[in-house]
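Dumped final_15.tsv below, it's TSV, C-alpha atoms:
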chain	number	residue	atom	x	y	z
A	1	MET	CA	26.77	-14.13	-8.81
A	2	ARG	CA	23.38	-15.24	-7.54
A	3	LEU	CA	20.45	-14.57	-9.87
A	4	PRO	CA	17.20	-13.25	-8.42
A	5	ARG	CA	14.47	-15.81	-7.95
A	6	ILE	CA	11.38	-15.21	-10.07
A	7	LYS	CA	8.05	-15.31	-8.25
A	8	LEU	CA	5.85	-18.10	-9.46
A	9	LYS	CA	2.12	-17.52	-9.63
A	10	ASN	CA	0.20	-18.67	-6.55
A	11	GLU	CA	3.15	-18.55	-4.16
A	12	PRO	CA	3.65	-15.92	-1.43
A	13	ALA	CA	6.26	-13.27	-2.15
A	14	THR	CA	7.91	-10.50	-0.17
A	15	TYR	CA	8.65	-7.18	-1.87
A	16	HIS	CA	10.60	-4.07	-0.96
A	17	CYS	CA	8.75	-1.21	-2.66
A	18	MET	CA	9.77	2.42	-3.00
A	19	SER	CA	8.42	5.51	-4.72
A	20	ARG	CA	9.56	9.14	-4.90
A	21	ILE	CA	7.69	12.44	-5.12
A	22	VAL	CA	8.01	14.08	-8.54
A	23	GLY	CA	11.21	16.12	-8.81
A	24	GLY	CA	12.35	14.86	-5.41
A	25	GLU	CA	10.44	17.71	-3.76
A	26	ARG	CA	9.95	17.46	0.01
A	27	LEU	CA	6.18	17.83	0.00
A	28	LEU	CA	5.25	15.50	2.84
A	29	GLY	CA	4.97	17.14	6.25
A	30	ASN	CA	3.68	15.42	9.39
A	31	ARG	CA	0.03	15.85	8.41
A	32	GLU	CA	0.60	14.37	4.93
A	33	LYS	CA	2.61	11.50	6.37
A	34	SER	CA	-0.18	10.74	8.87
A	35	VAL	CA	-2.81	10.67	6.13
A	36	MET	CA	-0.53	8.58	3.91
A	37	LEU	CA	0.02	6.06	6.70
A	38	LYS	CA	-3.71	5.77	7.37
A	39	GLN	CA	-4.38	5.24	3.66
A	40	LEU	CA	-1.49	2.77	3.36
A	41	LYS	CA	-2.98	0.60	6.10
A	42	ALA	CA	-6.48	0.79	4.58
A	43	VAL	CA	-5.31	-0.13	1.07
A	44	SER	CA	-3.06	-2.97	2.28
A	45	LYS	CA	-5.96	-4.42	4.30
A	46	PHE	CA	-8.33	-4.09	1.34
A	47	CYS	CA	-5.89	-5.78	-1.07
A	48	GLY	CA	-4.93	-8.52	1.39
A	49	ILE	CA	-1.29	-7.40	1.41
A	50	GLU	CA	0.57	-7.81	4.71
A	51	LEU	CA	2.60	-4.77	5.70
A	52	PHE	CA	5.84	-5.88	7.41
A	53	SER	CA	7.59	-2.53	7.66
A	54	TYR	CA	7.38	0.99	6.27
A	55	CYS	CA	9.05	4.36	6.43
A	56	ILE	CA	7.48	7.54	5.06
A	57	MET	CA	9.98	10.33	4.42
A	58	SER	CA	9.32	13.87	3.15
A	59	ASN	CA	9.96	12.96	-0.50
A	60	HIS	CA	9.63	9.16	-0.73
A	61	TYR	CA	8.47	6.01	1.03
A	62	HIS	CA	9.72	2.46	1.55
A	63	LEU	CA	7.54	-0.59	2.19
A	64	LEU	CA	8.23	-4.23	2.92
A	65	VAL	CA	5.13	-6.26	2.09
A	66	LEU	CA	4.07	-9.87	1.82
A	67	VAL	CA	1.82	-10.71	-1.09
A	68	PRO	CA	-0.15	-13.89	-0.30
A	69	GLU	CA	-0.19	-16.85	-2.61
A	70	LYS	CA	-3.96	-16.79	-3.03
A	71	ILE	CA	-6.93	-14.96	-1.59
A	72	GLU	CA	-10.22	-16.85	-1.54
A	73	LEU	CA	-13.30	-14.64	-1.28
A	74	THR	CA	-17.01	-15.07	-1.80
A	75	LYS	CA	-19.13	-12.28	-3.25
A	76	GLU	CA	-20.35	-11.54	0.29
A	77	ASP	CA	-16.74	-11.29	1.54
A	78	MET	CA	-15.93	-8.96	-1.34
A	79	TYR	CA	-18.93	-6.76	-0.58
A	80	SER	CA	-17.81	-6.50	3.07
A	81	LYS	CA	-14.30	-5.50	1.97
A	82	LEU	CA	-15.70	-2.88	-0.42
A	83	LEU	CA	-18.03	-1.54	2.26
A	84	GLU	CA	-15.16	-1.16	4.73
A	85	TYR	CA	-12.80	0.36	2.15
A	86	TYR	CA	-15.11	2.77	0.31
A	87	GLY	CA	-17.78	3.41	2.95
A	88	PRO	CA	-21.57	2.99	2.74
A	89	ARG	CA	-22.21	6.37	1.08
A	90	SER	CA	-19.61	5.99	-1.69
A	91	ILE	CA	-20.54	5.98	-5.37
A	92	GLN	CA	-19.02	2.49	-5.73
A	93	LEU	CA	-21.24	1.01	-3.00
A	94	LYS	CA	-24.38	2.79	-4.16
A	95	ARG	CA	-23.86	1.36	-7.66
A	96	LEU	CA	-23.26	-2.13	-6.26
A	97	ASP	CA	-26.32	-1.88	-4.00
A	98	ARG	CA	-28.51	-1.00	-7.00
A	99	GLN	CA	-27.08	-3.94	-8.92
A	100	ILE	CA	-27.68	-6.30	-5.98
A	101	GLN	CA	-31.29	-5.08	-5.63
A	102	ILE	CA	-31.92	-5.81	-9.32
A	103	ASN	CA	-29.94	-9.08	-9.73
A	104	GLY	CA	-29.88	-10.40	-6.17
A	105	GLU	CA	-26.06	-10.40	-6.08
A	106	MET	CA	-22.91	-8.69	-7.32
A	107	SER	CA	-22.29	-9.37	-11.01
A	108	ASP	CA	-19.61	-11.91	-11.93
A	109	ARG	CA	-17.89	-9.21	-13.98
A	110	ASP	CA	-17.61	-6.81	-11.01
A	111	PHE	CA	-16.61	-9.61	-8.67
A	112	GLU	CA	-13.76	-10.66	-10.98
A	113	ARG	CA	-12.69	-7.03	-11.45
A	114	PHE	CA	-12.45	-6.44	-7.70
A	115	LYS	CA	-10.93	-9.87	-7.12
A	116	GLY	CA	-8.13	-8.87	-9.50
A	117	LEU	CA	-7.12	-6.18	-7.00
A	118	MET	CA	-6.61	-8.72	-4.23
A	119	GLY	CA	-3.08	-9.94	-3.58
A	120	ASP	CA	-1.56	-8.02	-6.49
A	121	ILE	CA	1.43	-5.76	-5.78
A	122	SER	CA	0.84	-3.51	-8.81
A	123	SER	CA	-2.85	-2.98	-8.00
A	124	PHE	CA	-1.98	-2.31	-4.36
A	125	GLN	CA	0.62	0.33	-5.30
A	126	LYS	CA	-1.66	1.92	-7.89
A	127	LEU	CA	-4.60	2.20	-5.46
A	128	PHE	CA	-2.39	3.53	-2.68
A	129	LYS	CA	-0.60	6.15	-4.77
A	130	GLN	CA	-3.79	7.17	-6.58
A	131	ARG	CA	-5.77	7.55	-3.37
A	132	PHE	CA	-3.07	9.66	-1.71
A	133	THR	CA	-2.56	11.82	-4.82
A	134	ILE	CA	-6.28	12.62	-5.01
A	135	TRP	CA	-6.29	13.66	-1.34
A	136	TYR	CA	-3.03	15.63	-1.61
A	137	ASN	CA	-4.04	17.48	-4.77
A	138	TYR	CA	-7.44	18.36	-3.32
A	139	GLU	CA	-5.93	19.63	-0.05
A	140	ASN	CA	-3.28	21.69	-1.84
A	141	ASP	CA	-5.36	22.96	-4.78
A	142	ARG	CA	-2.94	21.12	-7.05
A	143	LYS	CA	-3.27	19.15	-10.28
A	144	GLY	CA	-1.25	16.47	-11.97
A	145	THR	CA	0.95	13.63	-10.92
A	146	LEU	CA	2.53	13.54	-7.49
A	147	TRP	CA	4.87	10.62	-8.11
A	148	MET	CA	8.07	10.68	-10.14
A	149	GLU	CA	7.51	7.36	-11.86
A	150	ARG	CA	6.09	3.90	-11.42
A	151	PHE	CA	6.99	2.38	-8.05
A	152	LYS	CA	10.14	0.31	-7.79
A	153	SER	CA	9.97	-3.13	-6.24
A	154	LEU	CA	12.53	-5.76	-5.43
A	155	LEU	CA	11.63	-9.35	-4.74
A	156	VAL	CA	13.03	-10.30	-1.33
A	157	GLU	CA	14.00	-13.86	-0.47
A	158	ASN	CA	11.24	-15.43	1.61
A	159	SER	CA	13.24	-15.91	4.80
A	160	ASP	CA	13.07	-14.25	8.20
A	161	TYR	CA	16.70	-13.16	7.89
A	162	SER	CA	16.17	-11.44	4.53
A	163	ARG	CA	13.02	-9.69	5.72
A	164	LEU	CA	14.84	-8.54	8.87
A	165	MET	CA	17.74	-7.09	6.85
A	166	VAL	CA	15.41	-5.18	4.52
A	167	SER	CA	13.32	-3.98	7.49
A	168	ASN	CA	16.50	-2.69	9.14
A	169	TYR	CA	17.40	-0.80	5.97
A	170	ILE	CA	13.89	0.72	5.81
A	171	ASP	CA	13.74	1.66	9.51
A	172	LEU	CA	17.19	3.29	9.44
A	173	ASN	CA	16.20	5.73	6.64
A	174	PRO	CA	15.56	8.68	9.00
A	175	VAL	CA	18.87	8.01	10.79
A	176	ARG	CA	20.81	8.03	7.50
A	177	ALA	CA	18.99	11.26	6.53
A	178	GLY	CA	20.08	12.88	9.81
A	179	ILE	CA	16.49	13.45	11.01
A	180	VAL	CA	16.85	11.37	14.20
A	181	ASN	CA	19.69	9.56	16.01
A	182	ASP	CA	17.50	6.65	17.08
A	183	PRO	CA	15.00	5.08	14.64
A	184	ALA	CA	12.58	4.65	17.55
A	185	ASP	CA	12.15	8.44	17.60
A	186	TYR	CA	10.78	8.62	14.05
A	187	MET	CA	6.99	8.46	14.14
A	188	PHE	CA	6.38	7.58	10.49
A	189	SER	CA	8.14	4.22	10.45
A	190	SER	CA	7.06	0.76	11.51
A	191	TYR	CA	9.88	0.60	14.06
A	192	GLY	CA	8.90	3.93	15.62
A	193	GLU	CA	5.26	2.79	15.74
A	194	ALA	CA	6.21	-0.55	17.34
A	195	VAL	CA	8.33	1.14	20.02
A	196	ARG	CA	5.57	3.66	20.82
This entry written out as structure tokens:
Amino acid sequence: MRLPRIKLKNEPATYHCMSRIVGGERLLGNREKSVMLKQLKAVSKFCGIELFSYCIMSNHYHLLVLVPEKIELTKEDMYSKLLEYYGPRSIQLKRLDRQIQINGEMSDRDFERFKGLMGDISSFQKLFKQRFTIWYNYENDRKGTLWMERFKSLLVENSDYSRLMVSNYIDLNPVRAGIVNDPADYMFSSYGEAVR
């Protein structure tokens, strides 16, 4: 039996992540999946996580992501990332702008706090799930958690073959569920997006 390899700090790692809607309910229609996909891409870009493949189903999602070994950013780079992610009129940016006007730059404390979100699989998943839950609950006049539990993640061997096998598994989800016969016909997967 081969034991899983443990990721060492400061080395790139590939993860297969999955999370289910609470109670297994099928709450995600096409509109929700579209919003989720848009948010997924925004959060992965913000956190510096490379999205290899994805599939968003009505009650769960699968992701294959590459977490970089290290992300080097200056305070100016971080501000640009925050501006793009939150938007110029957000509370977060307004607070930072006030701080920069007073001190001339972002505080070391804030910089380190935001830097901690970069290249971290747990922070990425938390931001993504939190952001989508806030949107979903607001749109559906709902309260409480949307997700069954903490996300699951499996460390994938860093090889093209291993990533391809996991991507195939992810992209064939809608075929196994009987939604489509050809994975290219499913619009909420990386394979369907690539074919389109």
Residues near segment 40-47 of chain A, cut-off 8 Å, all atoms listed in the file, skip fewer than 4 positions along chain, as a VMD selection string | chain A and resid 36 51 81 to 82 85 117 to 120 124 127 to 128
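Coordinates place atom CA of Val67 of chain A at a distance of 5.2 Å from atom CA of Ile49 of chain A.
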Would you work out the distance separating atom CA of Arg131 of chain A from atom CA of Leu28 of chain A, expressed in Å to one decimal?
->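 For atom CA of Arg131 of chain A relative to atom CA of Leu28 of chain A, the distance reads 14.9 Å.
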Could you check which of A:Ser153, A:Ser189, A:Thr74, A:Gln92 is closest to Lys115 of chain A, using only C-alpha atoms?
->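 Looking at the shortest contact to Lys115 of chain A, the residue is A:Thr74.
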Check the smallest atom-to-atom distance from each of A:Trp147, A:Tyr138, A:Phe52, A:Tyr79 to Gly24 of chain A using all atoms listed in the file, then report the winner.
->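 Nearest to Gly24 of chain A: A:Trp147.
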8 Å contact set for segment 168-177 of chain A, all atoms listed in the file, chain neighbours under 6 positions out, as JSON, numbers by chain | {"A": [53, 54, 55, 57, 62, 63, 183, 186, 189, 190, 191]}
What is the distance, in Å and to one decimal place, between atom CA of Arg163 of chain A and atom CA of Ala13 of chain A?
->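 Separation of atom CA of Arg163 of chain A and atom CA of Ala13 of chain A: 11.0 Å.
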Could you pull the residues within 9 Å of Glu11 of chain A, counting all atoms listed in the file, minus those fewer than 6 positions along the same chain, as a VMD selection string?
-> chain A and resid 67 to 70
Nearest to Lys126 of chain A: which of A:Lys33, A:Ser19, A:Glu76, A:Val65 is it, counting all atoms listed in the file?
-> A:Ser19
Restricting the calculation to all atoms listed in the file, which member of A:Asp141, A:Gly48, A:Ser159, A:Ser90 is positioned closest to Gly116 of chain A?
->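 Of all the options, A:Gly48 lies closest to Gly116 of chain A.
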Nearest to Glu193 of chain A by atom-to-atom distance, counting only C-alpha atoms, from A:Leu37, A:Leu27, A:Leu66, A:Ile21 =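 Counting only C-alpha atoms, the residue closest to Glu193 of chain A is A:Leu37.
Distance check against Asn30 of chain A using all atoms listed in the file: of A:Ser58, A:Ser123, A:Ser80, A:Gln99, the minimum falls on A:Ser58.
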